Every structure is written in structure tokens, then in C-alpha cells.
Amino acid sequence: MEKAVYRKNEREAQAEELLSIENLSIRFRQYETGGRSSAFRQSMLSVISDLNVTVHRGEIVAVVGASGSGKSLLAHAVLGLLPANAFLEGSIRCKGRGVSGIALVPQSVTWLDPLMKIGKQVLAGRRSGEAKRRMRALFSRYGLSEKVEELYPHECSGGMIRRILLIAALMDAPELLIADEPTPGMDACLTEQTMKELRDFADEGGGVLLITHDIELALRGADRIAVFYAGTTVEVAGAADFAKEESLRHPYTRALWRAMPENGFAALEGSQPYGRDQTQGCVFQDLCPYAEEACRKEIPLRRVRGGLVRCVRSFPDEEG
């Protein structure tokens with residue numbers, strides 16, 4: 001994997017922290033019928049619990065988790081797009097302040113208005129000559145001609161749409177991009193191109209929070225991987241740690257490693273717990289072959305061999 005221009009030692013990277021998410025929890029207020037009674041009763045559904053992620057200047061941090069683990073809710077929380085029945089606890093800080101300078105690269109092409117020309121959508125109401133020049137410079141950089149401005153979304157290929165969504169996100173020169181499943185449905189060439197564009201953005205001094213279910217995609221471009229399970233960060237590891245199973249710290253992360261095609265394609269039996277079905281303690285305890293009584297208690301993230309893990313177990317190769 002190509003090394004980032006801005007990759008520095010830990011102290012320097014810490015000073016250039018762009019995004020810090022600490023102890024983030026998200027719950028939703030719901031109403032359900034009370035059995036035989038026709039009355040409704042209120043309940044709270046926990047979807048994300050005690051999540052921790054940081055992104056530094058010059059790096060791509062991938063949040064990897066299965067569908068339904070709450071990954072996209074993380075993006076919505078950072079951008080302030082949660083619905084009215086959502087309750088958020090914890091902190092989300094951008095460069096030590098409130099969130100700003102962040103743009104979203106959405107996963108769905110439905111973010112584009114099918115009845116509006118591409119140019120108007122990218123400009124998003126901006127009328128200055130400077131904005132038009134920036135749009136055209138970005139079009140040129142990403143291989144789109146000025147003629148694309150006059151096209152409607154249905155006249156563009158899937159690869160063009162992905163680049164258009166990225167260009168729209170870059171219009172205000174953000175410092176941080178949140179890329180929410182940016183490559184679904186793409187062929188291998190377009191996927192590689194998208195990851196190169198995100199890598200270039202990071203290498204030029206930005207930061208990227210990549211949200212994906214595809215761990216192989218994440219490993220092709222990310223510097224660090226935050227492994228997400230049932231709404232919780234269970235491990236944060238360097239991409240290089242995935243070179244061998246013994247370098248990984250959490251049983252679920254190791255199960256992901258074994259499920260990769262080059263590592264035997266061993267599927268993990270069972271499914272992650274739904275929010276209302278979670279038990280106290282480790283969210284992976286029901287499927288973990290190493291589960292013990294201590295797993296039923298609160299488990300904080302701890303630092304192990306340069307990474308973070310939420311697990312009570314110490315593998316033989318760990319140094320504490």
C-alpha cells in the first residue's frame with residue numbers, strides 16, 4: 001500500500017486530529033402496542049453504544065461492519081442528520097471544536113435530483129465565477145468534460161455519477177470527507193479509481209472516514225481500520241495488522257480475517273444481535289469461542305500493541 005505524504009509519527013498525528021468521536025451512543029424513541037391493550041407504550045432502542053473513532057490529517061480511517069451494524073448512522077450523526085426521535089450521547093469534535101469543514105460522499109445516486117442538470121446540482125446555488133471555475137477545475141481533474149454540466153443524471157454512467165458526487169462534496173474545499181459506501185455496484189476499475197481519489201485527497205492533507213462493509217476494499221486504501229460490531233467499536237487496528245491473524249486483537253476481527261477469500265473463506269456462523277436483544281457486556285459474547293464470565297461486564301477499549309481493543313482476553317502473542 002502506498003504510504004501517505006502526510007503520514008507522521010504518533011505525536012504529530014495526534015496534533016493534527018481532524019475528527020474525534022468519543023463514547024458515542026445513539027438511541028431511538030419508539031412506540032409499540034402494549035399487548036392486549038390498544039394503548040401505545042414508549043421504548044428506547046439502542047443502535048450505537050460507546051463508539052470511538054478518530055481521524056487525523058493525511059489518513060483514511062475505515063469503519064468496517066456488516067449491514068445493520070449502524071455504520072451509516074455514524075455518518076448521519078457526524079453531519080447532524082439524525083431524525084427527531086434520535087438521542088445522542090458522547091462527543092463529536094472537529095479539530096477540537098464543533099463539527100465543521102466536513103462533506104459527505106453519499107452511497108446512493110438518489111441524492112441527485114433526476115430533473116436537474118448536473119452543473120446546477122454541483123453548484124448548489126453558488127453563482128460566483130469562482131465557484132464555476134472551481135467546478136470546472138474539479139471536472140477536469142476527475143476526467144469529466146464541461147459538457148457534463150448540461151447532462152441529467154440518467155444520461156451519466158455509474159462511474160460518472162460517483163465522480164460527480166465526489167466533486168459536489170469537494171466544492172467547499174472540506175478538510176474531512178465522509179465516504180459512505182462509495183463503491184457499491186462498481187466494477188474493479190471504478191472501485192480502484194474511487195479509492196485512488198480518496199487516497200489522493202488524504203495525501204494532500206485532508207482526512208477520510210470511509211464507511212464500508214467491504215473489508216478488502218478498506219485494506220486497499222485505509223491506514224487504520226475501526227471494526228464495528230452491533231453498534232460498537234470492538235477494535236481499531238492498523239491496516240498492516242491484517243497481514244496475519246496473530247496481529248489482530250479481537251475474536252470478531254480474527255473471524256473477519258478468516259472469512260476473507262485468501263484466508264480460507266471461513267464463514268462466521270450466527271448473526272449479530274439486534275439492538276433490543278443485546279445482553280450486558282461484550283456484544284460478541286454469544287458467538288465468541290472464548291467467552292467467559294468477565295465478558296458479561298462492561299468492557300472498555302484498551303490499548304494493545306499500538307491498537308485498541310474491547311476485549312477481556314489476552315491472546316498469547318499480546319504484550320498487554
# chains A, B, ... in the order shown; residues from 1 in each chain; ligands from 1
>>> residues_around(residues="A:Thr232", least_positions_apart="6", cutoff="8 Å", atoms="only C-alpha atoms", output="list in words")
Ile48, Ser49, Asp50, Leu51 and Val283 of chain A
>>> residues_around(residues="stretch 104-107 of chain A", least_positions_apart="2", cutoff="9 Å", atoms="only C-alpha atoms", output="number ranges by chain")
A: 75, 79, 102, 109-111, 162, 165-169, 176-184
>>> write_last_selection(atoms="N, CA, C and O atoms", output="PDB file, in the first residue's frame")
ATOM      1  N   ALA A  75     -22.331   8.280  10.128  1.00  0.00           N
ATOM      2  CA  ALA A  75     -22.191   9.414   9.210  1.00  0.00           C
ATOM      3  C   ALA A  75     -23.263  10.459   9.465  1.00  0.00           C
ATOM      4  O   ALA A  75     -22.990  11.670   9.500  1.00  0.00           O
ATOM      5  N   LEU A  79     -22.806  14.510  10.768  1.00  0.00           N
ATOM      6  CA  LEU A  79     -23.319  15.601   9.941  1.00  0.00           C
ATOM      7  C   LEU A  79     -24.574  16.252  10.516  1.00  0.00           C
ATOM      8  O   LEU A  79     -25.116  17.182   9.926  1.00  0.00           O
ATOM      9  N   ILE A 102     -16.679  19.610   6.935  1.00  0.00           N
ATOM     10  CA  ILE A 102     -16.889  18.201   6.611  1.00  0.00           C
ATOM     11  C   ILE A 102     -17.873  18.087   5.449  1.00  0.00           C
ATOM     12  O   ILE A 102     -18.847  18.845   5.383  1.00  0.00           O
ATOM     13  N   VAL A 109     -27.102   7.103  -5.472  1.00  0.00           N
ATOM     14  CA  VAL A 109     -27.243   8.082  -6.558  1.00  0.00           C
ATOM     15  C   VAL A 109     -28.555   8.852  -6.434  1.00  0.00           C
ATOM     16  O   VAL A 109     -28.764   9.841  -7.126  1.00  0.00           O
ATOM     17  N   THR A 110     -29.439   8.405  -5.540  1.00  0.00           N
ATOM     18  CA  THR A 110     -30.709   9.110  -5.362  1.00  0.00           C
ATOM     19  C   THR A 110     -30.522  10.465  -4.685  1.00  0.00           C
ATOM     20  O   THR A 110     -31.478  11.226  -4.562  1.00  0.00           O
ATOM     21  N   TRP A 111     -29.295  10.747  -4.248  1.00  0.00           N
ATOM     22  CA  TRP A 111     -29.025  12.075  -3.709  1.00  0.00           C
ATOM     23  C   TRP A 111     -29.072  13.136  -4.806  1.00  0.00           C
ATOM     24  O   TRP A 111     -29.167  14.324  -4.525  1.00  0.00           O
ATOM     25  N   ARG A 162     -20.546   8.617  -9.610  1.00  0.00           N
ATOM     26  CA  ARG A 162     -19.700   8.546  -8.423  1.00  0.00           C
ATOM     27  C   ARG A 162     -18.724   9.717  -8.379  1.00  0.00           C
ATOM     28  O   ARG A 162     -18.484  10.313  -7.326  1.00  0.00           O
ATOM     29  N   LEU A 165     -20.622  12.946  -7.461  1.00  0.00           N
ATOM     30  CA  LEU A 165     -20.907  13.035  -6.027  1.00  0.00           C
ATOM     31  C   LEU A 165     -19.667  13.467  -5.252  1.00  0.00           C
ATOM     32  O   LEU A 165     -19.752  14.255  -4.303  1.00  0.00           O
ATOM     33  N   LEU A 166     -18.504  12.966  -5.663  1.00  0.00           N
ATOM     34  CA  LEU A 166     -17.263  13.367  -5.015  1.00  0.00           C
ATOM     35  C   LEU A 166     -16.968  14.837  -5.284  1.00  0.00           C
ATOM     36  O   LEU A 166     -16.596  15.586  -4.367  1.00  0.00           O
ATOM     37  N   ILE A 167     -17.143  15.281  -6.531  1.00  0.00           N
ATOM     38  CA  ILE A 167     -16.896  16.679  -6.879  1.00  0.00           C
ATOM     39  C   ILE A 167     -17.807  17.610  -6.086  1.00  0.00           C
ATOM     40  O   ILE A 167     -17.378  18.647  -5.575  1.00  0.00           O
ATOM     41  N   ALA A 168     -19.083  17.229  -5.969  1.00  0.00           N
ATOM     42  CA  ALA A 168     -20.024  18.046  -5.195  1.00  0.00           C
ATOM     43  C   ALA A 168     -19.556  18.179  -3.750  1.00  0.00           C
ATOM     44  O   ALA A 168     -19.685  19.241  -3.133  1.00  0.00           O
ATOM     45  N   ALA A 169     -19.005  17.088  -3.203  1.00  0.00           N
ATOM     46  CA  ALA A 169     -18.513  17.130  -1.828  1.00  0.00           C
ATOM     47  C   ALA A 169     -17.281  18.012  -1.686  1.00  0.00           C
ATOM     48  O   ALA A 169     -17.040  18.604  -0.625  1.00  0.00           O
ATOM     49  N   LEU A 176     -12.337  17.292   5.751  1.00  0.00           N
ATOM     50  CA  LEU A 176     -12.676  15.911   6.058  1.00  0.00           C
ATOM     51  C   LEU A 176     -13.809  15.438   5.163  1.00  0.00           C
ATOM     52  O   LEU A 176     -14.817  16.127   5.008  1.00  0.00           O
ATOM     53  N   LEU A 177     -13.620  14.273   4.559  1.00  0.00           N
ATOM     54  CA  LEU A 177     -14.666  13.630   3.763  1.00  0.00           C
ATOM     55  C   LEU A 177     -15.196  12.417   4.504  1.00  0.00           C
ATOM     56  O   LEU A 177     -14.424  11.624   5.052  1.00  0.00           O
ATOM     57  N   ILE A 178     -16.522  12.290   4.509  1.00  0.00           N
ATOM     58  CA  ILE A 178     -17.140  11.060   4.977  1.00  0.00           C
ATOM     59  C   ILE A 178     -17.669  10.344   3.741  1.00  0.00           C
ATOM     60  O   ILE A 178     -18.583  10.825   3.068  1.00  0.00           O
ATOM     61  N   ALA A 179     -17.067   9.222   3.413  1.00  0.00           N
ATOM     62  CA  ALA A 179     -17.446   8.444   2.234  1.00  0.00           C
ATOM     63  C   ALA A 179     -18.262   7.241   2.698  1.00  0.00           C
ATOM     64  O   ALA A 179     -17.720   6.287   3.255  1.00  0.00           O
ATOM     65  N   ASP A 180     -19.575   7.307   2.491  1.00  0.00           N
ATOM     66  CA  ASP A 180     -20.488   6.270   2.986  1.00  0.00           C
ATOM     67  C   ASP A 180     -20.763   5.255   1.877  1.00  0.00           C
ATOM     68  O   ASP A 180     -21.536   5.519   0.965  1.00  0.00           O
ATOM     69  N   GLU A 181     -20.113   4.094   1.960  1.00  0.00           N
ATOM     70  CA  GLU A 181     -20.256   3.037   0.940  1.00  0.00           C
ATOM     71  C   GLU A 181     -20.142   3.636  -0.466  1.00  0.00           C
ATOM     72  O   GLU A 181     -21.090   3.602  -1.250  1.00  0.00           O
ATOM     73  N   PRO A 182     -18.980   4.207  -0.821  1.00  0.00           N
ATOM     74  CA  PRO A 182     -18.863   4.939  -2.087  1.00  0.00           C
ATOM     75  C   PRO A 182     -18.727   4.083  -3.335  1.00  0.00           C
ATOM     76  O   PRO A 182     -18.741   4.625  -4.440  1.00  0.00           O
ATOM     77  N   THR A 183     -18.605   2.748  -3.206  1.00  0.00           N
ATOM     78  CA  THR A 183     -18.305   1.935  -4.392  1.00  0.00           C
ATOM     79  C   THR A 183     -19.285   0.819  -4.706  1.00  0.00           C
ATOM     80  O   THR A 183     -18.946  -0.062  -5.502  1.00  0.00           O
ATOM     81  N   PRO A 184     -20.498   0.776  -4.152  1.00  0.00           N
ATOM     82  CA  PRO A 184     -21.381  -0.366  -4.460  1.00  0.00           C
ATOM     83  C   PRO A 184     -21.760  -0.397  -5.936  1.00  0.00           C
ATOM     84  O   PRO A 184     -22.044   0.638  -6.539  1.00  0.00           O
TER      85      PRO A 184
END
>>> residues_around(residues="stretch 88-94 of chain A", least_positions_apart="2", cutoff="9 Å", atoms="only C-alpha atoms", output="ChimeraX atom specification")
/A:17-28,50-51,77-78,82,86,96-102
>>> atom_distance(atom1="atom CA of A:Leu74", atom2="atom CA of A:Arg41")
27.3 Å
>>> residues_around(residues="A:Met135", least_positions_apart="4", cutoff="10 Å", atoms="only C-alpha atoms", output="CSV table (one decimal) with all heavy atoms, in the first residue's frame")
chain,number,residue,atom,x,y,z
A,119,GLY,N,-24.6,20.4,-13.6
A,119,GLY,CA,-23.9,21.6,-13.3
A,119,GLY,C,-24.6,22.4,-12.2
A,119,GLY,O,-24.0,22.8,-11.2
A,122,VAL,N,-24.2,20.5,-8.8
A,122,VAL,CA,-22.9,20.6,-8.2
A,122,VAL,C,-22.7,22.0,-7.6
A,122,VAL,O,-22.1,22.2,-6.5
A,122,VAL,CB,-21.8,20.3,-9.2
A,122,VAL,CG1,-20.4,20.6,-8.7
A,122,VAL,CG2,-21.9,18.8,-9.6
A,123,LEU,N,-23.2,23.0,-8.3
A,123,LEU,CA,-23.0,24.4,-7.9
A,123,LEU,C,-23.9,24.7,-6.6
A,123,LEU,O,-23.6,25.5,-5.8
A,123,LEU,CB,-23.4,25.4,-9.0
A,123,LEU,CG,-22.3,25.5,-10.1
A,123,LEU,CD1,-22.9,26.4,-11.2
A,123,LEU,CD2,-21.0,26.2,-9.6
A,129,GLY,N,-18.4,33.5,-10.2
A,129,GLY,CA,-17.5,32.9,-11.3
A,129,GLY,C,-16.4,32.0,-10.7
A,129,GLY,O,-16.0,31.0,-11.3
A,130,GLU,N,-16.0,32.3,-9.4
A,130,GLU,CA,-15.1,31.5,-8.7
A,130,GLU,C,-15.6,30.1,-8.5
A,130,GLU,O,-14.9,29.1,-8.7
A,130,GLU,CB,-14.7,32.1,-7.4
A,130,GLU,CG,-13.6,31.3,-6.6
A,130,GLU,CD,-13.3,32.0,-5.3
A,130,GLU,OE1,-13.8,33.1,-5.0
A,130,GLU,OE2,-12.6,31.3,-4.5
A,131,ALA,N,-16.9,30.0,-8.2
A,131,ALA,CA,-17.5,28.7,-7.9
A,131,ALA,C,-17.5,27.9,-9.2
A,131,ALA,O,-17.2,26.7,-9.2
A,131,ALA,CB,-18.9,28.8,-7.4
A,139,PHE,N,-14.0,19.1,-12.4
A,139,PHE,CA,-14.4,18.2,-13.5
A,139,PHE,C,-13.2,17.7,-14.3
A,139,PHE,O,-13.0,16.6,-14.7
A,139,PHE,CB,-15.3,19.0,-14.5
A,139,PHE,CG,-16.8,18.9,-14.1
A,139,PHE,CD1,-17.2,18.8,-12.8
A,139,PHE,CD2,-17.8,18.9,-15.1
A,139,PHE,CE1,-18.5,18.7,-12.4
A,139,PHE,CE2,-19.1,18.9,-14.7
A,139,PHE,CZ,-19.5,18.7,-13.4
A,140,SER,N,-12.3,18.7,-14.6
A,140,SER,CA,-11.1,18.3,-15.4
A,140,SER,C,-10.2,17.3,-14.6
A,140,SER,O,-9.7,16.4,-15.2
A,140,SER,CB,-10.3,19.6,-15.7
A,140,SER,OG,-9.1,19.3,-16.4
A,141,ARG,N,-10.1,17.6,-13.3
A,141,ARG,CA,-9.2,16.7,-12.5
A,141,ARG,C,-9.7,15.3,-12.5
A,141,ARG,O,-9.0,14.3,-12.5
A,141,ARG,CB,-9.2,17.2,-11.1
A,141,ARG,CG,-8.4,16.3,-10.1
A,141,ARG,CD,-8.2,16.9,-8.8
A,141,ARG,NE,-7.5,16.0,-7.9
A,141,ARG,CZ,-7.1,16.2,-6.7
A,141,ARG,NH1,-7.2,17.5,-6.2
A,141,ARG,NH2,-6.5,15.3,-6.0
A,146,GLU,N,-16.7,19.7,-19.7
A,146,GLU,CA,-17.6,20.7,-19.3
A,146,GLU,C,-19.0,20.4,-19.9
A,146,GLU,O,-20.0,20.8,-19.3
A,146,GLU,CB,-17.2,22.1,-19.9
A,146,GLU,CG,-16.0,22.6,-19.2
A,146,GLU,CD,-15.6,24.0,-19.7
A,146,GLU,OE1,-16.5,24.7,-20.3
A,146,GLU,OE2,-14.5,24.5,-19.4
A,149,GLU,N,-21.9,19.3,-17.5
A,149,GLU,CA,-22.7,20.3,-16.8
A,149,GLU,C,-24.2,20.3,-17.3
A,149,GLU,O,-25.1,20.5,-16.5
A,149,GLU,CB,-22.1,21.7,-16.9
A,149,GLU,CG,-20.8,21.9,-16.3
A,149,GLU,CD,-20.2,23.3,-16.6
A,149,GLU,OE1,-21.0,24.2,-16.5
A,149,GLU,OE2,-19.0,23.4,-16.9
A,167,ILE,N,-17.1,15.3,-6.5
A,167,ILE,CA,-16.9,16.7,-6.9
A,167,ILE,C,-17.8,17.6,-6.1
A,167,ILE,O,-17.4,18.6,-5.6
A,167,ILE,CB,-17.1,16.9,-8.4
A,167,ILE,CG1,-15.9,16.2,-9.2
A,167,ILE,CG2,-17.2,18.4,-8.8
A,167,ILE,CD1,-16.2,16.1,-10.7
A,168,ALA,N,-19.1,17.2,-6.0
A,168,ALA,CA,-20.0,18.0,-5.2
A,168,ALA,C,-19.6,18.2,-3.7
A,168,ALA,O,-19.7,19.2,-3.1
A,168,ALA,CB,-21.4,17.4,-5.3
A,170,LEU,N,-16.5,18.1,-2.7
A,170,LEU,CA,-15.2,18.9,-2.7
A,170,LEU,C,-15.4,20.4,-3.0
A,170,LEU,O,-14.5,21.1,-2.9
A,170,LEU,CB,-14.2,18.3,-3.7
A,170,LEU,CG,-13.7,16.9,-3.4
A,170,LEU,CD1,-12.9,16.4,-4.5
A,170,LEU,CD2,-13.0,16.9,-2.1
A,171,MET,N,-16.6,20.8,-3.4
A,171,MET,CA,-16.8,22.2,-3.8
A,171,MET,C,-16.4,23.2,-2.8
A,171,MET,O,-15.9,24.3,-3.1
A,171,MET,CB,-18.3,22.4,-4.3
A,171,MET,CG,-18.6,21.9,-5.7
A,171,MET,SD,-17.6,22.8,-6.9
A,171,MET,CE,-18.4,24.4,-6.9
>>> atom_distance(atom1="atom CA of A:Gly264", atom2="atom CA of A:Glu246")
15.3 Å
>>> closest_atom_pairs(of="stretch 232-268 of chain A", to="stretch 52-61 of chain A", cutoff="12 Å", atoms="only C-alpha atoms", output="Markdown table")
| residue | atom | partner | partner_atom | distance |
| --- | --- | --- | --- | --- |
| A:Thr232 | CA | A:Asn52 | CA | 8.1 |
| A:Thr233 | CA | A:Asn52 | CA | 6.3 |
| A:Val234 | CA | A:Asn52 | CA | 9.4 |
| A:Glu235 | CA | A:Asn52 | CA | 9.6 |
| A:Val236 | CA | A:Val53 | CA | 8.2 |
| A:Ala237 | CA | A:Val61 | CA | 9.8 |
| A:Gly238 | CA | A:Val61 | CA | 9.2 |
| A:Ala239 | CA | A:Val61 | CA | 9.3 |
>>> closest_residue(among="A:Gly125, A:Pro289, A:Pro273, A:Pro300", to="A:Ser46", atoms="only C-alpha atoms")
A:Pro273
>>> residues_around(residues="stretch 247-262 of chain A", least_positions_apart="4", cutoff="7 Å", atoms="only C-alpha atoms", output="list in words")
Val227, Val234, Glu235, Asp241, Phe242, Ala266, Ala267, Leu268, Cys288, Val309 and Cys311 of chain A
